[in-house]
Every structure is written in C-alpha cells, then in structure tokens.
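Text of my_file_1.pdb (PDB, C-alpha atoms) as supplied:
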ATOM      1  CA  MET A   1      23.792 -20.857   8.396  1.00  0.00           C
ATOM      2  CA  SER A   2      24.830 -22.259   5.110  1.00  0.00           C
ATOM      3  CA  ARG A   3      25.081 -20.322   1.904  1.00  0.00           C
ATOM      4  CA  LEU A   4      21.935 -22.030   0.550  1.00  0.00           C
ATOM      5  CA  GLU A   5      19.925 -21.008   3.620  1.00  0.00           C
ATOM      6  CA  LEU A   6      21.086 -17.399   3.227  1.00  0.00           C
ATOM      7  CA  ILE A   7      20.100 -17.340  -0.422  1.00  0.00           C
ATOM      8  CA  LEU A   8      16.700 -18.889   0.325  1.00  0.00           C
ATOM      9  CA  SER A   9      16.107 -16.456   3.201  1.00  0.00           C
ATOM     10  CA  ALA A  10      17.011 -13.503   0.987  1.00  0.00           C
ATOM     11  CA  MET A  11      14.728 -14.786  -1.766  1.00  0.00           C
ATOM     12  CA  LEU A  12      11.891 -15.261   0.741  1.00  0.00           C
ATOM     13  CA  ALA A  13      12.317 -11.733   2.084  1.00  0.00           C
ATOM     14  CA  LEU A  14      12.436 -10.332  -1.435  1.00  0.00           C
ATOM     15  CA  SER A  15       9.331 -12.305  -2.413  1.00  0.00           C
ATOM     16  CA  ILE A  16       7.415 -11.104   0.644  1.00  0.00           C
ATOM     17  CA  MET A  17       8.356  -7.482  -0.031  1.00  0.00           C
ATOM     18  CA  LEU A  18       7.391  -7.832  -3.689  1.00  0.00           C
ATOM     19  CA  ASN A  19       4.026  -9.398  -2.807  1.00  0.00           C
ATOM     20  CA  VAL A  20       3.264  -6.672  -0.274  1.00  0.00           C
ATOM     21  CA  GLY A  21       4.203  -4.027  -2.860  1.00  0.00           C
ATOM     22  CA  VAL A  22       1.957  -5.576  -5.507  1.00  0.00           C
ATOM     23  CA  PHE A  23      -0.898  -5.818  -2.983  1.00  0.00           C
ATOM     24  CA  VAL A  24      -0.591  -2.144  -2.011  1.00  0.00           C
ATOM     25  CA  TYR A  25      -0.378  -1.097  -5.660  1.00  0.00           C
ATOM     26  CA  ALA A  26      -3.425  -3.180  -6.649  1.00  0.00           C
ATOM     27  CA  ARG A  27      -5.400  -1.795  -3.718  1.00  0.00           C
ATOM     28  CA  ASN A  28      -4.593   1.775  -4.769  1.00  0.00           C
ATOM     29  CA  VAL A  29      -5.507   1.076  -8.392  1.00  0.00           C
ATOM     30  CA  VAL A  30      -8.867  -0.416  -7.406  1.00  0.00           C
ATOM     31  CA  SER A  31      -9.520   2.506  -5.075  1.00  0.00           C
ATOM     32  CA  ASN A  32      -8.800   4.968  -7.895  1.00  0.00           C
ATOM     33  CA  LEU A  33     -11.008   3.018 -10.294  1.00  0.00           C
ATOM     34  CA  LEU A  34     -13.918   3.123  -7.848  1.00  0.00           C
ATOM     35  CA  ARG A  35     -13.455   6.858  -7.290  1.00  0.00           C
ATOM     36  CA  VAL A  36     -13.388   7.496 -11.055  1.00  0.00           C
ATOM     37  CA  SER A  37     -16.442   5.271 -11.422  1.00  0.00           C
ATOM     38  CA  ASP A  38     -18.366   7.371  -8.895  1.00  0.00           C
ATOM     39  CA  GLU A  39     -17.333  10.596 -10.587  1.00  0.00           C
ATOM     40  CA  LEU A  40     -18.268   9.293 -14.028  1.00  0.00           C
ATOM     41  CA  ALA A  41     -21.720   8.268 -12.792  1.00  0.00           C
ATOM     42  CA  ASP A  42     -22.238  11.734 -11.303  1.00  0.00           C
ATOM     43  CA  PHE A  43     -21.038  13.347 -14.525  1.00  0.00           C
ATOM     44  CA  GLN A  44     -23.428  11.253 -16.604  1.00  0.00           C
ATOM     45  CA  MET A  45     -26.348  12.259 -14.368  1.00  0.00           C
ATOM     46  CA  MET A  46     -25.367  15.931 -14.702  1.00  0.00           C
ATOM     47  CA  ILE A  47     -25.225  15.686 -18.498  1.00  0.00           C
ATOM     48  CA  GLY A  48     -28.613  13.923 -18.549  1.00  0.00           C
ATOM     49  CA  SER A  49     -30.069  16.668 -16.374  1.00  0.00           C
ATOM     50  CA  PHE A  50     -28.569  19.302 -18.663  1.00  0.00           C
ATOM     51  CA  VAL A  51     -30.081  17.635 -21.741  1.00  0.00           C
ATOM     52  CA  ASP A  52     -33.505  17.529 -20.071  1.00  0.00           C
ATOM     53  CA  HIS A  53     -33.250  21.199 -19.059  1.00  0.00           C
ATOM     54  CA  LEU A  54     -32.093  22.230 -22.502  1.00  0.00           C
ATOM     55  CA  ARG A  55     -34.948  20.282 -24.087  1.00  0.00           C
ATOM     56  CA  SER A  56     -37.477  22.021 -21.820  1.00  0.00           C
ATOM     57  CA  VAL A  57     -36.035  25.446 -22.729  1.00  0.00           C
ATOM     58  CA  TYR A  58     -36.055  24.575 -26.432  1.00  0.00           C
ATOM     59  CA  GLU A  59     -39.719  23.559 -26.230  1.00  0.00           C
ATOM     60  CA  LEU A  60     -40.765  26.951 -24.833  1.00  0.00           C
ATOM     61  CA  ASP A  61     -42.807  28.966 -27.309  1.00  0.00           C
ATOM     62  CA  SER A  62     -40.314  31.807 -27.410  1.00  0.00           C
ATOM     63  CA  PHE A  63     -37.378  29.515 -28.327  1.00  0.00           C
ATOM     64  CA  TYR A  64     -39.049  26.764 -30.360  1.00  0.00           C
ATOM     65  CA  GLY A  65     -37.314  26.389 -33.719  1.00  0.00           C
ATOM     66  CA  ASP A  66     -34.199  28.344 -32.731  1.00  0.00           C
ATOM     67  CA  GLN A  67     -31.345  26.919 -34.785  1.00  0.00           C
ATOM     68  CA  THR A  68     -28.687  27.593 -32.142  1.00  0.00           C
ATOM     69  CA  LEU A  69     -30.623  25.880 -29.349  1.00  0.00           C
ATOM     70  CA  GLU A  70     -31.472  22.992 -31.640  1.00  0.00           C
ATOM     71  CA  ALA A  71     -27.791  22.466 -32.477  1.00  0.00           C
ATOM     72  CA  LEU A  72     -26.876  22.754 -28.799  1.00  0.00           C
ATOM     73  CA  LEU A  73     -29.549  20.194 -27.907  1.00  0.00           C
ATOM     74  CA  GLU A  74     -28.253  17.761 -30.536  1.00  0.00           C
ATOM     75  CA  HIS A  75     -24.693  18.264 -29.296  1.00  0.00           C
ATOM     76  CA  ALA A  76     -25.772  17.612 -25.699  1.00  0.00           C
ATOM     77  CA  LYS A  77     -27.607  14.443 -26.757  1.00  0.00           C
ATOM     78  CA  ALA A  78     -24.516  13.226 -28.616  1.00  0.00           C
ATOM     79  CA  LEU A  79     -22.368  13.915 -25.561  1.00  0.00           C
ATOM     80  CA  ASP A  80     -24.823  12.044 -23.337  1.00  0.00           C
ATOM     81  CA  GLU A  81     -24.781   9.057 -25.711  1.00  0.00           C
ATOM     82  CA  GLN A  82     -20.977   9.095 -25.786  1.00  0.00           C
ATOM     83  CA  ILE A  83     -20.803   9.046 -21.987  1.00  0.00           C
ATOM     84  CA  GLU A  84     -23.296   6.180 -21.847  1.00  0.00           C
ATOM     85  CA  MET A  85     -20.650   4.068 -23.612  1.00  0.00           C
ATOM     86  CA  PHE A  86     -18.754   4.096 -20.317  1.00  0.00           C
ATOM     87  CA  GLU A  87     -21.641   2.747 -18.248  1.00  0.00           C
ATOM     88  CA  TYR A  88     -19.733  -0.453 -17.560  1.00  0.00           C
ATOM     89  CA  VAL A  89     -17.228   1.591 -15.534  1.00  0.00           C
ATOM     90  CA  TYR A  90     -19.659   3.268 -13.214  1.00  0.00           C
ATOM     91  CA  TYR A  91     -21.848   0.200 -12.863  1.00  0.00           C
ATOM     92  CA  LEU A  92     -19.021  -1.161 -10.714  1.00  0.00           C
ATOM     93  CA  THR A  93     -19.956   1.127  -7.848  1.00  0.00           C
ATOM     94  CA  GLU A  94     -23.696   0.880  -8.451  1.00  0.00           C
ATOM     95  CA  ALA A  95     -23.557  -2.913  -8.209  1.00  0.00           C
ATOM     96  CA  GLU A  96     -21.608  -2.583  -4.966  1.00  0.00           C
ATOM     97  CA  ALA A  97     -24.156  -0.117  -3.566  1.00  0.00           C
ATOM     98  CA  ASP A  98     -27.030  -2.423  -4.581  1.00  0.00           C
ATOM     99  CA  ASN A  99     -25.374  -5.344  -2.790  1.00  0.00           C
ATOM    100  CA  GLN A 100     -24.959  -3.254   0.359  1.00  0.00           C
ATOM    101  CA  GLU A 101     -28.624  -2.174   0.229  1.00  0.00           C
ATOM    102  CA  GLU A 102     -29.731  -5.798  -0.153  1.00  0.00           C
ATOM    103  CA  ASP A 103     -27.603  -6.788   2.839  1.00  0.00           C
ATOM    104  CA  VAL A 104     -29.184  -4.020   4.919  1.00  0.00           C
ATOM    105  CA  ASP A 105     -32.700  -5.041   3.811  1.00  0.00           C
ATOM    106  CA  ILE A 106     -32.054  -8.684   4.709  1.00  0.00           C
ATOM    107  CA  GLY A 107     -30.620  -7.637   8.060  1.00  0.00           C
ATOM    108  CA  GLU A 108     -33.686  -5.510   8.791  1.00  0.00           C
ATOM    109  CA  GLN A 109     -36.033  -8.352   7.807  1.00  0.00           C
ATOM    110  CA  ASN A 110     -34.158 -10.775  10.065  1.00  0.00           C
ATOM    111  CA  ALA A 111     -34.294  -8.282  12.949  1.00  0.00           C
ATOM    112  CA  ALA A 112     -38.043  -7.840  12.483  1.00  0.00           C
ATOM    113  CA  ASN A 113     -38.586 -11.611  12.684  1.00  0.00           C
TER     114      ASN A 113
END
Represent the supplied structure as structure tokens.
Amino acid sequence: MSRLELILSAMLALSIMLNVGVFVYARNVVSNLLRVSDELADFQMMIGSFVDHLRSVYELDSFYGDQTLEALLEHAKALDEQIEMFEYVYYLTEAEADNQEEDVDIGEQNAAN
C-alpha cells in the first residue's frame, strides 16, 4: 500500500466515524426534543385545567369578588398565555400523532373494502 492509499484510508475511516457520531448525536437531540415537546403539551393542558378550575372557584358565590383569588386567576391566565407562546414546540408531536391516526384510519378503511 502506498502512502497515498494509507492517508485516504485513514481519512475515509475518520469520515465514517465522524458521520456515525453526528448521526447518533442528531438522533439523541431529536429524541430529547420530542420528549420535551410531549411534556410541554402536558404542562400546558395542566395549566389550562388549573385556570378553568380556579375560574369556577372564583365564580362561586362565597368567593366572588375576592381580591386574592382574582389576582391568582389573572396570574394563572398570564402563565397560560406565556406557555401558549411555545405551542410550535409541542405541535411537533401532535402533528406526528395526527399523521399516525390518519394512517391507521386509511388502513382500516382499506381493510373494510
């Protein structure tokens, strides 16, 4: 083997290892992003549920007009609005779930025919 062949072989091996490393890293990053997306969607639903519950408590006759509950309700609404700014992140997993549901529906329709 000539010196040029050795250098090219070493460069090829290095390139393959680097490409595999980048692939594994990118796969892990995407996996983490999808997990965070799921968690953020769940968190947003929990905050929305909390706001609804707090609103229903505030509207009870015994608490209506309470300054503390009113401030807490406004704070919860502001938090919910702030979290809605990140909808683009958790729509990643919702779009994927919608695509999977459509595939299942089409498969079921084809099986029925």
request  = Determine the residue membership of the PyMOL selection byres ((chain A and resi 66-75) around 12) for the file above and supply it as a PyMOL selection string.
outcome  = chain A and resi 47-48+50-65+76-82
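Distance-wise, CA of Phe23 in chain A and CA of Met11 in chain A end up 18.1 Å apart.
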query = So how many Å separate CA of Leu40 in chain A and CA of Met85 in chain A, to one decimal?
reply =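 The value is 11.2 Å.
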